[in-house]
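Beneath this line is the structure, given in structure tokens, with notes to follow.
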Amino acid sequence: MAKVVKFGGSSLASAEQFQKVGNIIRAEAERKFVVPSAPGKRYSGDTKVTDMLYACYALAEAGEDFSANLAKIKARYQEIIEGLKLELSLDDEFAVIEKNFKEKAGSNYAASRGEFLNGIIMAEYLGYEFVDAAEVIFFHDNGDFNADKTNKVLSARLAKCDKAVVPGFYGALDDGTVKTFSRGGSDITGSIVAKAVKADVYENWTDVSGFLIADPRIINNPESIEVITYRELRELAYMGATVLHEDAIFPVRQEGIPINIRNTNAPEDKGTWIVGSTCQKSKYVITGIAGKKGFCSINIEKDMMNSEIGFGRKVLQAFEENGISFEHMPSGIDTLTVFVHQDEFMHKEQKVVAGLHRLADPDMIDIESDLALIAVVGRGMKSTRGTAGRIFSALAHSDVNVKMIDQGSSELNIIIGVANEDFETAIKAIYNIFVVTKI
Ligand code: ASP
């Protein structure tokens, strides 16, 4: 039995946090493969080492003196090494980094050093083997992750280790050039490592006790989600619920490995389990609520639209030609509405309208802006009658005008469109009806 444990930046921001992590890892012998992030913020207002590295490298690239910045980064690591009382010097590593910065090795290389150095410290602290991610995680030349080569090389390499540390966030192209994933990408590394060693669980340790049913900036102290399926998570993540990098789901999902989100600062909390499928009912009919502001709706009317073959395609072509992706497209008999991101659409508005007239010849086009979309997600909705009714009566009682309703055919979600200004009220109303009053 093996567990892959990934620790986020706030879990590794200081020697004190490292000690908590050490205790967690030593508590279970199965925690054999460790994926660390770079040191994050120690307190609010602090700077993450990754951001310090980007800033330092920007100076190097501009040909300016970056020695003071690099010294500050070194001091962050030194503080951890001394706090853990390790006999370890990173002088050689920093000499190489300085040389490579001067030779303009690139911002990907620069940022990756945060995880690289933290990985060296972690391996020394735990007595685990250090495996440089640049030797086992690969990208294609076009920048896409090379899943096949990675899985082959990484699983062969880790089969030789009993216990190992693989730094998160980066890998390399075939020619050895270091390349990072997008920000927060250590989550992806954890998932890739879990797949390669066929782990039983991928534990992702962060600073919250899992996913919350709703955004804590809107709902005071929301309950956390105990079990969520990958599909539910996709729906919530798409609507802005962040804890885990979106792309971290795919490698483990293919292998049916569950992810357990845990809190380094409250290790006794069970956290959230993310699973392929489950017979476990969620505690409430809904699993979670998430939403985003800043959408526009383009309402298109044309008599006899329903019998005009290809009408939908022509409408979408006008968006496609302008490089705009659509988010939702509810339709009536003679109407069709397209929801798009306002900031993507705004500058191209008149071009799209002209395109719609040219391609689809509608009777009328009406545009509404400043809309929010809210997704109410739950595998339990399928088997529960009256969910939609409860949502809409709660919204009506809170004086929220519903502008759009879209229930996915999977019955896993209901998407509701409201005015931006009603966004918070609507989320509170839905949370209250399902979680607080349970009427
Ligand atoms: N350190 C990187 C970042 O700040 C990657 C990560 O933490 O996952 O984005």
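We label chains A, B, ... in the order they appear in the structure tokens, count residues from 1 in each chain, and number ligands from 1 in the order shown.
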
- Item | Given 9 Å and only C-alpha atoms and all ligand atoms, residues near ligand 1 as a PyMOL selection string | chain A and resi 7-10+36-40+48-51+111-112+114-115+168-170+180-189+245

- Message: Excluding stretch 263-278 of chain A and its own-chain neighbours fewer than 2 positions away, which residues fall within 9 Å of it when counting only C-alpha atoms? Please give them as an MDAnalysis selection string.
- Response: chainID A and resid 7 10:11 17 20:21 24 204:212 224:231 233 253 256:261 280:281

Selection to disk with N, CA, C and O atoms, as a compact mmCIF listing (two decimals), in the first residue's frame:
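Contents of out38.txt, freshly written:
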# COMPACT_ATOMS: atom_id res chain seq x y z
N PHE A 7 2.28 18.45 -0.51
CA PHE A 7 2.09 19.55 0.46
C PHE A 7 2.19 20.88 -0.26
O PHE A 7 3.15 21.12 -1.01
N SER A 10 1.86 26.82 1.76
CA SER A 10 1.67 27.30 3.14
C SER A 10 2.01 26.20 4.15
O SER A 10 2.34 26.49 5.29
N SER A 11 1.95 24.94 3.70
CA SER A 11 2.32 23.83 4.58
C SER A 11 3.83 23.73 4.75
O SER A 11 4.32 22.98 5.60
N GLN A 17 6.25 24.73 10.06
CA GLN A 17 5.32 24.03 9.18
C GLN A 17 5.94 22.71 8.69
O GLN A 17 5.26 21.69 8.60
N LYS A 20 5.38 20.05 11.19
CA LYS A 20 4.02 19.48 11.15
C LYS A 20 3.94 18.44 10.02
O LYS A 20 3.37 17.36 10.18
N VAL A 21 4.54 18.81 8.88
CA VAL A 21 4.53 17.92 7.72
C VAL A 21 5.29 16.62 8.05
O VAL A 21 4.84 15.51 7.74
N ILE A 24 3.19 14.37 10.11
CA ILE A 24 2.12 13.75 9.30
C ILE A 24 2.71 12.57 8.51
O ILE A 24 2.15 11.47 8.51
N ASN A 204 -3.68 15.30 -0.70
CA ASN A 204 -3.27 16.65 -1.07
C ASN A 204 -3.45 17.54 0.16
O ASN A 204 -4.57 17.86 0.54
N TRP A 205 -2.32 17.88 0.80
CA TRP A 205 -2.37 18.61 2.07
C TRP A 205 -2.24 20.11 1.84
O TRP A 205 -1.30 20.56 1.19
N THR A 206 -3.20 20.85 2.38
CA THR A 206 -3.23 22.28 2.15
C THR A 206 -3.56 22.99 3.47
O THR A 206 -3.29 22.46 4.54
N ASP A 207 -4.14 24.20 3.38
CA ASP A 207 -4.40 24.91 4.64
C ASP A 207 -5.89 25.05 4.93
O ASP A 207 -6.30 25.88 5.73
N VAL A 208 -6.72 24.26 4.23
CA VAL A 208 -8.15 24.21 4.57
C VAL A 208 -8.56 22.75 4.67
O VAL A 208 -7.92 21.88 4.08
N SER A 209 -9.64 22.51 5.42
CA SER A 209 -10.05 21.12 5.65
C SER A 209 -10.95 20.62 4.53
O SER A 209 -12.03 20.08 4.77
N GLY A 210 -10.56 20.83 3.30
CA GLY A 210 -11.30 20.30 2.17
C GLY A 210 -12.12 21.36 1.46
O GLY A 210 -11.99 22.55 1.71
N PHE A 211 -12.97 20.87 0.56
CA PHE A 211 -13.86 21.77 -0.18
C PHE A 211 -15.03 22.17 0.70
O PHE A 211 -15.57 21.35 1.43
N LEU A 212 -15.43 23.39 0.56
CA LEU A 212 -16.58 23.86 1.32
C LEU A 212 -17.81 23.85 0.43
O LEU A 212 -17.70 23.97 -0.79
N SER A 224 -18.05 21.76 5.30
CA SER A 224 -17.21 21.23 4.23
C SER A 224 -17.87 19.99 3.61
O SER A 224 -18.78 19.40 4.17
N ILE A 225 -17.37 19.65 2.44
CA ILE A 225 -17.93 18.52 1.68
C ILE A 225 -17.14 17.27 2.06
O ILE A 225 -15.91 17.28 2.01
N GLU A 226 -17.84 16.20 2.45
CA GLU A 226 -17.12 14.98 2.86
C GLU A 226 -16.67 14.17 1.66
O GLU A 226 -15.52 13.75 1.58
N VAL A 227 -17.61 13.93 0.75
CA VAL A 227 -17.28 13.14 -0.45
C VAL A 227 -17.85 13.84 -1.67
O VAL A 227 -19.00 14.26 -1.67
N ILE A 228 -17.03 13.95 -2.70
CA ILE A 228 -17.49 14.58 -3.94
C ILE A 228 -16.95 13.75 -5.10
O ILE A 228 -15.86 13.18 -5.00
N THR A 229 -17.72 13.64 -6.17
CA THR A 229 -17.21 12.87 -7.32
C THR A 229 -16.41 13.81 -8.23
O THR A 229 -16.57 15.02 -8.18
N TYR A 230 -15.56 13.20 -9.06
CA TYR A 230 -14.76 14.00 -9.98
C TYR A 230 -15.66 14.89 -10.84
O TYR A 230 -15.34 16.03 -11.14
N ARG A 231 -16.80 14.32 -11.26
CA ARG A 231 -17.68 15.09 -12.15
C ARG A 231 -18.29 16.28 -11.43
O ARG A 231 -18.38 17.38 -11.97
N LEU A 233 -16.96 17.79 -8.97
CA LEU A 233 -15.86 18.73 -8.73
C LEU A 233 -15.58 19.57 -9.97
O LEU A 233 -15.33 20.77 -9.89
N ARG A 253 -7.76 10.22 -12.07
CA ARG A 253 -9.11 9.80 -12.47
C ARG A 253 -9.04 8.60 -13.40
O ARG A 253 -9.82 7.66 -13.28
N GLY A 256 -8.53 5.61 -11.31
CA GLY A 256 -9.49 5.37 -10.22
C GLY A 256 -8.88 5.56 -8.84
O GLY A 256 -9.29 4.93 -7.87
N ILE A 257 -7.88 6.45 -8.74
CA ILE A 257 -7.25 6.71 -7.44
C ILE A 257 -7.98 7.88 -6.77
O ILE A 257 -8.09 8.95 -7.37
N PRO A 258 -8.47 7.70 -5.56
CA PRO A 258 -9.16 8.83 -4.91
C PRO A 258 -8.19 9.89 -4.41
O PRO A 258 -7.04 9.58 -4.08
N ILE A 259 -8.66 11.13 -4.37
CA ILE A 259 -7.86 12.22 -3.81
C ILE A 259 -8.47 12.59 -2.47
O ILE A 259 -9.69 12.69 -2.34
N ASN A 260 -7.62 12.75 -1.47
CA ASN A 260 -8.11 13.19 -0.16
C ASN A 260 -7.48 14.55 0.14
O ASN A 260 -6.27 14.65 0.30
N ILE A 261 -8.30 15.58 0.19
CA ILE A 261 -7.80 16.92 0.51
C ILE A 261 -7.73 17.03 2.03
O ILE A 261 -8.72 16.78 2.72
N GLN A 280 -22.21 6.52 -1.53
CA GLN A 280 -22.46 7.38 -0.37
C GLN A 280 -23.28 8.60 -0.76
O GLN A 280 -22.87 9.36 -1.63
N LYS A 281 -24.41 8.73 -0.14
CA LYS A 281 -25.24 9.91 -0.43
C LYS A 281 -24.56 11.12 0.17
O LYS A 281 -23.93 11.02 1.23

- Task: Pick out the residues sitting within 9 Å of stretch 119-134 of chain A, and hand them over as number ranges by chain; count only C-alpha atoms, and ignore anything fewer than 2 positions along from it in its own chain.
- Result: A: 18, 22, 25-26, 32-38, 77, 80-81, 84, 86-88, 90, 114-117, 136-138, 154, 157-158, 161-173, 176-179, 189

- Task: May I ask which of the residues A:Leu236, A:Asn432, A:Ile192, A:Val197 is the closest one to A:Ala248, counting only C-alpha atoms?
- Result: A:Ile192

- Query: Can you list every residue in stretch 117-248 of chain A that DSSP puts in helix (DSSP H, G or I), as a PyMOL selection string?
  - Reply: chain A and resi 117-126+133-135+147-159+186-196+230-238+246-248

The selected residues should be written to file as a short mmCIF file (atom, residue, chain, number, x, y, z; two decimals), in the first residue's frame (atoms: N, CA and C atoms).
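Below is the file that was written, again_9.cif:
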data_model
loop_
_atom_site.label_atom_id
_atom_site.label_comp_id
_atom_site.auth_asym_id
_atom_site.auth_seq_id
_atom_site.Cartn_x
_atom_site.Cartn_y
_atom_site.Cartn_z
N LEU A 117 14.61 23.29 -4.64
CA LEU A 117 15.35 23.46 -3.38
C LEU A 117 14.56 22.93 -2.19
N ASN A 118 13.26 23.17 -2.20
CA ASN A 118 12.45 22.65 -1.09
C ASN A 118 12.45 21.12 -1.07
N GLY A 119 12.52 20.54 -2.27
CA GLY A 119 12.58 19.08 -2.38
C GLY A 119 13.87 18.53 -1.77
N ILE A 120 14.97 19.25 -2.00
CA ILE A 120 16.26 18.80 -1.44
C ILE A 120 16.18 18.84 0.10
N ILE A 121 15.62 19.92 0.62
CA ILE A 121 15.50 20.04 2.08
C ILE A 121 14.59 18.94 2.62
N MET A 122 13.48 18.75 1.97
CA MET A 122 12.50 17.75 2.42
C MET A 122 13.12 16.35 2.44
N ALA A 123 13.85 16.00 1.38
CA ALA A 123 14.47 14.67 1.29
C ALA A 123 15.47 14.49 2.43
N GLU A 124 16.24 15.52 2.68
CA GLU A 124 17.24 15.46 3.76
C GLU A 124 16.54 15.31 5.12
N TYR A 125 15.48 16.08 5.31
CA TYR A 125 14.76 16.08 6.58
C TYR A 125 14.10 14.72 6.87
N LEU A 126 13.57 14.10 5.81
CA LEU A 126 12.85 12.83 6.01
C LEU A 126 13.75 11.61 5.88
N ALA A 133 12.56 16.31 -10.62
CA ALA A 133 11.43 16.20 -11.55
C ALA A 133 11.85 16.40 -13.00
N ALA A 134 12.95 17.14 -13.24
CA ALA A 134 13.39 17.38 -14.61
C ALA A 134 13.84 16.09 -15.29
N GLU A 135 14.11 15.05 -14.49
CA GLU A 135 14.57 13.78 -15.06
C GLU A 135 13.44 12.77 -15.25
N ALA A 147 2.35 12.77 -21.31
CA ALA A 147 1.89 11.81 -20.29
C ALA A 147 2.51 10.43 -20.46
N ASP A 148 2.64 9.97 -21.71
CA ASP A 148 3.12 8.60 -21.93
C ASP A 148 4.56 8.42 -21.49
N LYS A 149 5.42 9.34 -21.98
CA LYS A 149 6.84 9.22 -21.64
C LYS A 149 7.02 9.37 -20.12
N THR A 150 6.31 10.35 -19.56
CA THR A 150 6.44 10.58 -18.12
C THR A 150 6.08 9.32 -17.34
N ASN A 151 4.95 8.73 -17.70
CA ASN A 151 4.50 7.59 -16.91
C ASN A 151 5.48 6.42 -16.99
N LYS A 152 6.05 6.25 -18.19
CA LYS A 152 7.01 5.17 -18.39
C LYS A 152 8.27 5.40 -17.53
N VAL A 153 8.85 6.60 -17.71
CA VAL A 153 10.13 6.90 -17.03
C VAL A 153 9.92 7.01 -15.52
N LEU A 154 8.87 7.70 -15.14
CA LEU A 154 8.64 7.95 -13.71
C LEU A 154 8.34 6.66 -12.96
N SER A 155 7.49 5.80 -13.53
CA SER A 155 7.16 4.57 -12.79
C SER A 155 8.38 3.67 -12.69
N ALA A 156 9.22 3.63 -13.75
CA ALA A 156 10.43 2.80 -13.68
C ALA A 156 11.39 3.36 -12.61
N ARG A 157 11.51 4.67 -12.58
CA ARG A 157 12.44 5.30 -11.62
C ARG A 157 11.95 5.09 -10.18
N LEU A 158 10.66 5.30 -9.95
CA LEU A 158 10.15 5.20 -8.57
C LEU A 158 10.04 3.75 -8.09
N ALA A 159 10.01 2.81 -9.05
CA ALA A 159 10.00 1.39 -8.65
C ALA A 159 11.30 1.04 -7.95
N SER A 186 1.91 22.11 -8.70
CA SER A 186 2.40 20.96 -7.90
C SER A 186 1.28 19.95 -7.66
N ASP A 187 0.04 20.43 -7.66
CA ASP A 187 -1.10 19.51 -7.55
C ASP A 187 -1.09 18.50 -8.68
N ILE A 188 -0.69 18.98 -9.87
CA ILE A 188 -0.67 18.08 -11.05
C ILE A 188 0.45 17.05 -10.86
N THR A 189 1.63 17.52 -10.40
CA THR A 189 2.74 16.59 -10.18
C THR A 189 2.31 15.48 -9.22
N GLY A 190 1.63 15.86 -8.15
CA GLY A 190 1.18 14.86 -7.16
C GLY A 190 0.32 13.79 -7.83
N SER A 191 -0.55 14.25 -8.71
CA SER A 191 -1.46 13.32 -9.38
C SER A 191 -0.70 12.40 -10.34
N ILE A 192 0.29 12.98 -11.02
CA ILE A 192 1.11 12.20 -11.97
C ILE A 192 1.92 11.14 -11.21
N VAL A 193 2.46 11.53 -10.06
CA VAL A 193 3.24 10.58 -9.25
C VAL A 193 2.31 9.47 -8.73
N ALA A 194 1.12 9.85 -8.30
CA ALA A 194 0.17 8.85 -7.78
C ALA A 194 -0.16 7.82 -8.86
N LYS A 195 -0.33 8.30 -10.08
CA LYS A 195 -0.63 7.39 -11.18
C LYS A 195 0.58 6.47 -11.43
N ALA A 196 1.77 7.04 -11.44
CA ALA A 196 2.97 6.27 -11.78
C ALA A 196 3.24 5.16 -10.77
N TYR A 230 -15.56 13.20 -9.06
CA TYR A 230 -14.76 14.00 -9.98
C TYR A 230 -15.66 14.89 -10.84
N ARG A 231 -16.80 14.32 -11.26
CA ARG A 231 -17.68 15.09 -12.15
C ARG A 231 -18.29 16.28 -11.43
N GLU A 232 -18.68 16.06 -10.20
CA GLU A 232 -19.23 17.20 -9.43
C GLU A 232 -18.16 18.27 -9.24
N LEU A 233 -16.96 17.79 -8.97
CA LEU A 233 -15.86 18.73 -8.73
C LEU A 233 -15.58 19.57 -9.97
N ARG A 234 -15.62 18.92 -11.13
CA ARG A 234 -15.40 19.64 -12.40
C ARG A 234 -16.39 20.79 -12.51
N GLU A 235 -17.65 20.47 -12.19
CA GLU A 235 -18.70 21.49 -12.32
C GLU A 235 -18.43 22.66 -11.37
N LEU A 236 -18.05 22.34 -10.14
CA LEU A 236 -17.82 23.40 -9.16
C LEU A 236 -16.54 24.17 -9.48
N ALA A 237 -15.50 23.45 -9.90
CA ALA A 237 -14.23 24.11 -10.20
C ALA A 237 -14.40 25.05 -11.39
N TYR A 238 -15.18 24.61 -12.36
CA TYR A 238 -15.42 25.44 -13.53
C TYR A 238 -16.08 26.76 -13.12
N GLU A 246 -7.19 22.48 -11.53
CA GLU A 246 -8.16 21.75 -12.37
C GLU A 246 -7.56 20.52 -13.06
N ASP A 247 -6.34 20.67 -13.58
CA ASP A 247 -5.73 19.58 -14.35
C ASP A 247 -5.22 18.44 -13.48
N ALA A 248 -5.29 18.62 -12.17
CA ALA A 248 -4.78 17.58 -11.28
C ALA A 248 -5.71 16.37 -11.23
#
